[in-house]
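Everything below belongs to model10.tsv, which stores TSV, C-alpha atoms.
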```
chain	number	residue	atom	x	y	z
A	13	MET	CA	0.76	-4.70	-15.45
A	14	ALA	CA	1.96	-7.11	-12.80
A	15	ASN	CA	0.39	-8.09	-9.49
A	16	GLU	CA	-2.26	-5.38	-9.38
A	17	TYR	CA	-5.26	-6.08	-7.15
A	18	ALA	CA	-7.87	-4.94	-9.68
A	19	ASN	CA	-8.05	-4.83	-13.46
A	20	ARG	CA	-8.25	-2.06	-16.02
A	21	ALA	CA	-11.65	-3.14	-17.39
A	22	THR	CA	-13.30	-2.77	-13.97
A	23	LEU	CA	-11.61	0.59	-13.38
A	24	LYS	CA	-12.83	1.83	-16.78
A	25	GLU	CA	-16.35	0.81	-15.84
A	26	ARG	CA	-16.07	2.71	-12.54
A	27	LEU	CA	-14.87	5.82	-14.33
A	28	ASN	CA	-17.50	5.55	-17.11
A	29	ILE	CA	-14.82	5.11	-19.76
A	30	GLU	CA	-15.82	3.05	-22.78
A	31	ALA	CA	-14.08	-0.33	-22.93
A	32	ALA	CA	-12.99	0.35	-26.53
A	33	ASP	CA	-11.33	3.67	-25.57
A	34	THR	CA	-7.63	2.86	-25.21
A	35	SER	CA	-6.39	6.47	-25.14
A	36	ARG	CA	-6.12	6.50	-21.34
A	37	ASP	CA	-4.92	2.93	-20.73
A	38	THR	CA	-1.40	4.01	-19.73
A	39	LEU	CA	-2.76	6.43	-17.12
A	40	LEU	CA	-5.19	3.81	-15.81
A	41	ASP	CA	-2.48	1.14	-15.60
A	42	GLY	CA	-0.23	3.55	-13.71
A	43	ALA	CA	-3.02	4.38	-11.26
A	44	LEU	CA	-3.73	0.67	-10.63
A	45	ALA	CA	-0.04	-0.10	-10.07
A	46	ALA	CA	0.43	2.87	-7.73
A	47	ALA	CA	-2.72	2.04	-5.75
A	48	SER	CA	-1.70	-1.61	-5.38
A	49	ARG	CA	1.84	-0.83	-4.26
A	50	GLY	CA	0.53	1.89	-1.92
A	51	ILE	CA	-1.68	-0.70	-0.22
A	52	ASP	CA	1.35	-3.00	0.09
A	53	ARG	CA	3.39	-0.25	1.79
A	54	THR	CA	0.55	0.79	4.10
A	55	THR	CA	-0.29	-2.74	5.26
A	56	GLY	CA	3.28	-4.06	5.38
A	57	ARG	CA	2.35	-7.09	3.28
A	58	ARG	CA	1.48	-8.06	-0.28
A	59	PHE	CA	-1.58	-9.91	-1.44
A	60	TRP	CA	-0.46	-11.75	-4.58
A	61	LEU	CA	0.89	-15.29	-4.52
A	62	ASP	CA	4.35	-16.14	-5.88
A	63	THR	CA	4.28	-18.52	-8.82
A	64	ASP	CA	7.34	-20.45	-7.55
A	65	ALA	CA	8.47	-21.50	-4.09
A	66	THR	CA	11.53	-19.66	-2.76
A	67	ALA	CA	13.52	-19.97	0.47
A	68	ARG	CA	13.50	-17.28	3.16
A	69	THR	CA	15.58	-17.37	6.33
A	70	PHE	CA	14.27	-16.22	9.71
A	71	THR	CA	16.27	-15.52	12.85
A	72	LEU	CA	14.62	-17.13	15.86
A	73	ALA	CA	15.26	-14.17	18.18
A	74	GLY	CA	12.10	-12.12	18.49
A	75	ARG	CA	10.06	-14.38	16.21
A	76	VAL	CA	9.13	-17.23	18.55
A	77	LEU	CA	6.01	-17.03	20.70
A	78	CYS	CA	5.82	-19.45	23.61
A	79	ARG	CA	2.35	-20.81	24.32
A	80	ASP	CA	0.93	-23.66	26.31
A	81	GLY	CA	1.92	-26.82	24.51
A	82	GLY	CA	4.40	-25.31	22.10
A	83	GLU	CA	6.17	-22.52	20.29
A	84	ARG	CA	5.09	-20.57	17.24
A	85	LEU	CA	7.58	-19.16	14.77
A	86	LEU	CA	6.19	-16.04	13.12
A	87	VAL	CA	6.88	-16.03	9.37
A	88	ASP	CA	5.98	-13.91	6.36
A	89	ASP	CA	2.59	-14.56	4.74
A	90	MET	CA	2.50	-17.94	2.96
A	91	GLY	CA	-0.29	-18.64	0.49
A	92	ILE	CA	0.42	-22.37	0.40
A	93	ALA	CA	1.87	-24.60	3.14
A	94	PRO	CA	5.69	-24.71	3.04
A	95	THR	CA	7.47	-27.36	1.02
A	96	THR	CA	10.56	-27.40	3.28
A	97	VAL	CA	11.36	-26.18	6.80
A	98	GLU	CA	14.92	-26.45	8.14
A	99	THR	CA	16.90	-25.21	11.15
A	100	GLY	CA	20.59	-24.35	11.20
A	101	SER	CA	22.88	-21.77	9.63
A	102	GLY	CA	25.46	-21.37	6.88
A	103	THR	CA	25.78	-24.65	5.01
A	104	SER	CA	24.47	-26.89	7.80
A	105	TRP	CA	20.68	-27.31	7.76
A	106	THR	CA	18.49	-29.99	9.35
A	107	ALA	CA	14.96	-30.74	8.14
A	108	VAL	CA	12.14	-30.02	10.58
A	109	THR	CA	9.10	-32.30	10.61
A	110	GLY	CA	5.98	-32.47	12.71
A	111	TYR	CA	5.17	-28.78	12.56
A	112	ASP	CA	1.66	-27.37	12.16
A	113	THR	CA	0.69	-24.28	10.21
A	114	ALA	CA	-1.17	-21.48	11.95
A	115	PRO	CA	-3.70	-20.08	12.12
A	116	ASP	CA	-5.77	-23.21	11.70
A	117	ASN	CA	-7.56	-23.53	8.33
A	118	ALA	CA	-6.09	-20.22	7.13
A	119	ILE	CA	-5.61	-21.22	3.49
A	120	VAL	CA	-9.09	-22.76	3.26
A	121	ARG	CA	-10.50	-19.41	4.43
A	122	GLY	CA	-8.44	-17.48	1.87
A	123	ARG	CA	-5.99	-16.23	4.50
A	124	PRO	CA	-2.24	-16.80	4.66
A	125	VAL	CA	-0.27	-19.04	6.99
A	126	THR	CA	1.61	-16.68	9.34
A	127	ALA	CA	3.22	-19.08	11.83
A	128	LEU	CA	4.68	-22.55	12.16
A	129	ALA	CA	3.99	-24.37	15.44
A	130	LEU	CA	6.15	-27.00	17.15
A	131	ALA	CA	6.14	-28.60	20.58
A	132	SER	CA	7.99	-26.68	23.30
A	133	GLY	CA	11.70	-26.25	22.62
A	134	GLY	CA	11.31	-27.45	19.04
A	135	TRP	CA	12.86	-24.40	17.37
A	136	GLY	CA	15.90	-24.34	19.66
A	137	ALA	CA	18.19	-26.52	17.47
A	138	GLY	CA	19.69	-23.66	15.45
A	139	PRO	CA	19.87	-19.89	15.36
A	140	ARG	CA	17.88	-19.69	12.14
A	141	VAL	CA	15.00	-21.32	10.30
A	142	ARG	CA	14.88	-21.58	6.51
A	143	VAL	CA	11.41	-21.95	5.00
A	144	THR	CA	10.72	-22.73	1.34
A	145	ALA	CA	7.22	-21.73	0.28
A	146	ARG	CA	5.10	-19.72	-2.12
A	147	TRP	CA	4.87	-16.38	-0.35
A	148	GLY	CA	1.86	-14.07	-0.39
A	149	TRP	CA	-1.87	-14.65	-0.04
A	150	PRO	CA	-3.81	-17.56	-1.55
A	151	THR	CA	-6.29	-15.10	-3.12
A	152	VAL	CA	-6.63	-11.32	-3.15
A	153	PRO	CA	-9.25	-10.35	-0.54
A	154	ASP	CA	-12.34	-8.55	-1.87
A	155	GLU	CA	-11.64	-5.59	0.42
A	156	ILE	CA	-8.18	-5.15	-1.10
A	157	SER	CA	-9.58	-5.24	-4.64
A	158	GLU	CA	-12.23	-2.65	-3.75
A	159	ALA	CA	-9.71	-0.39	-2.00
A	160	THR	CA	-7.46	-0.61	-5.06
A	161	LEU	CA	-10.28	0.47	-7.37
A	162	ILE	CA	-11.24	3.41	-5.14
A	163	GLN	CA	-7.65	4.57	-4.79
A	164	ALA	CA	-6.83	4.05	-8.49
A	165	ALA	CA	-9.88	6.10	-9.51
A	166	ARG	CA	-8.79	8.82	-7.09
A	167	LEU	CA	-5.24	8.79	-8.48
A	168	TYR	CA	-6.53	8.89	-12.05
A	169	ARG	CA	-8.74	11.90	-11.28
A	170	ARG	CA	-5.84	13.59	-9.50
A	171	LYS	CA	-4.59	14.87	-12.86
A	172	ASP	CA	-7.62	17.18	-12.79
A	173	SER	CA	-6.96	18.48	-9.26
A	174	PRO	CA	-3.57	20.21	-9.18
A	175	GLU	CA	-2.13	20.87	-5.71
A	176	GLY	CA	-4.81	18.61	-4.19
A	177	VAL	CA	-7.59	21.12	-4.82
A	178	THR	CA	-10.73	20.42	-6.79
A	179	GLY	CA	-13.84	22.46	-7.32
A	180	SER	CA	-17.40	22.50	-8.50
A	181	ALA	CA	-20.02	25.16	-9.17
A	182	GLU	CA	-22.10	23.90	-6.24
A	183	TRP	CA	-19.42	23.53	-3.54
A	184	GLY	CA	-16.69	25.86	-4.68
A	185	VAL	CA	-13.07	24.94	-4.07
A	186	VAL	CA	-12.46	21.84	-1.92
A	187	ARG	CA	-9.12	20.48	-0.65
A	188	LEU	CA	-8.80	16.72	-1.04
A	189	SER	CA	-8.08	14.76	2.14
A	190	ARG	CA	-4.70	13.07	2.47
A	191	ARG	CA	-6.13	9.62	3.17
A	192	ASP	CA	-9.36	8.32	1.69
A	193	PRO	CA	-11.51	7.16	4.63
A	194	ASP	CA	-13.18	4.41	2.60
A	195	VAL	CA	-9.85	2.97	1.47
A	196	TRP	CA	-8.56	3.05	5.05
A	197	ALA	CA	-11.73	1.37	6.38
A	198	LEU	CA	-11.26	-1.45	3.85
A	199	ILE	CA	-7.55	-2.09	4.50
A	200	GLU	CA	-6.96	-1.21	8.17
A	201	HIS	CA	-7.61	-4.72	9.52
A	202	PHE	CA	-4.95	-6.10	7.13
A	203	VAL	CA	-2.20	-3.85	8.53
A	204	LEU	CA	0.60	-5.79	10.22
A	205	PRO	CA	1.43	-4.59	13.75
A	206	GLY	CA	4.05	-1.86	13.53
A	207	PHE	CA	2.83	-0.57	10.14
A	208	GLY	CA	0.21	1.98	9.11
```
Just give me the structure of the file as structure tokens.
Amino acid sequence: MANEYANRATLKERLNIEAADTSRDTLLDGALAAASRGIDRTTGRRFWLDTDATARTFTLAGRVLCRDGGERLLVDDMGIAPTTVETGSGTSWTAVTGYDTAPDNAIVRGRPVTALALASGGWGAGPRVRVTARWGWPTVPDEISEATLIQAARLYRRKDSPEGVTGSAEWGVVRLSRRDPDVWALIEHFVLPGFG
């Protein structure tokens, strides 16, 4: 398992599976991975933090917001403030200093940095900006962990509901909804504009 937003032990507890029972671990791990990656695709972002800093390049066109007192460059989610910011292109890059991260106090609140702010005209030196940082979120939000557990349990139980139909003696046959309303309620405010 890698970068799942919940763990197998908690999912077993939710499904009333004994901790010592390892016969279903592969199915549970698959459900956790699928639920986590499904949340990534739906929200347009990922909630784990890279272990190492890597460089990403951003074209300025369409990514700079002009505001009173400065410009904000919209970047991918950063879980830790960037180590290096440069403008330029190809093999010619110039270090940028004096930028602020935005939103204010994001990392302290467990949220990612999503923009770099400079005084007006500050990003105009080159066509691109290269940012070296640890990408992702500083911590996995509780809502994402809960949504992962709900969706993973649903996916695990899916093996018992072929064609999306389940039944009981009390209700008869019931068709499962395409989107779990509880999962959606937990993740919808994390969806990036243009996704979902």
For Asp116 (chain A), list every protein, DNA or RNA residue within 12 Å, evaluated using only C-alpha atoms, and leave out those in the same chain fewer than 4 positions away; present the list as a list in words.
->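 Returned residues: Ala93, Asp112, Val120, Arg121, Gly122, Arg123, Pro124, Val125, Thr126, Ala127, Leu128 and Ala129 of chain A.
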What is the CA of Ala45 (chain A)-CA of Asn19 (chain A) distance in Å, reported with one decimal?
->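 A separation of 9.9 Å between them.
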Close residues, region 79-91 of chain A itself excluded, 8 Å, all atoms listed in the file, min 5 positions apart in chain, as an MDAnalysis selection string = chainID A and resid 57 61 70 72 119 123:135 145:151
With C-alpha atoms retained, export the selected residues as a tab-separated table (two decimals), in the frame of the given file.
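In the end it all went to selection_16.tsv:
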```
chain	number	residue	atom	x	y	z
A	57	ARG	CA	2.35	-7.09	3.28
A	61	LEU	CA	0.89	-15.29	-4.52
A	70	PHE	CA	14.27	-16.22	9.71
A	72	LEU	CA	14.62	-17.13	15.86
A	119	ILE	CA	-5.61	-21.22	3.49
A	123	ARG	CA	-5.99	-16.23	4.50
A	124	PRO	CA	-2.24	-16.80	4.66
A	125	VAL	CA	-0.27	-19.04	6.99
A	126	THR	CA	1.61	-16.68	9.34
A	127	ALA	CA	3.22	-19.08	11.83
A	128	LEU	CA	4.68	-22.55	12.16
A	129	ALA	CA	3.99	-24.37	15.44
A	130	LEU	CA	6.15	-27.00	17.15
A	131	ALA	CA	6.14	-28.60	20.58
A	132	SER	CA	7.99	-26.68	23.30
A	133	GLY	CA	11.70	-26.25	22.62
A	134	GLY	CA	11.31	-27.45	19.04
A	135	TRP	CA	12.86	-24.40	17.37
A	145	ALA	CA	7.22	-21.73	0.28
A	146	ARG	CA	5.10	-19.72	-2.12
A	147	TRP	CA	4.87	-16.38	-0.35
A	148	GLY	CA	1.86	-14.07	-0.39
A	149	TRP	CA	-1.87	-14.65	-0.04
A	150	PRO	CA	-3.81	-17.56	-1.55
A	151	THR	CA	-6.29	-15.10	-3.12
```
Among A:Leu39, A:Ala114, A:Ile156, A:Ala197, Glu16 (chain A) is approached most closely, using only C-alpha atoms, by A:Ile156
Which one is closest to Ala67 (chain A): A:Val141, A:Ala159, A:Leu167, A:Leu44? Count all atoms listed in the file.
->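 Counting all atoms listed in the file, the residue closest to Ala67 (chain A) is A:Val141.
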For CA of Val143 (chain A) and CA of Val97 (chain A), quote the distance in Å rounded to one decimal.
->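 These two atoms are separated by 4.6 Å.
Residues surrounding Leu198 (chain A) within 10 Å are A:Asp154, A:Glu155, A:Ile156, A:Ser157, A:Glu158, A:Ala159, A:Thr160 [all atoms listed in the file; sequence separation below 6 positions excluded].
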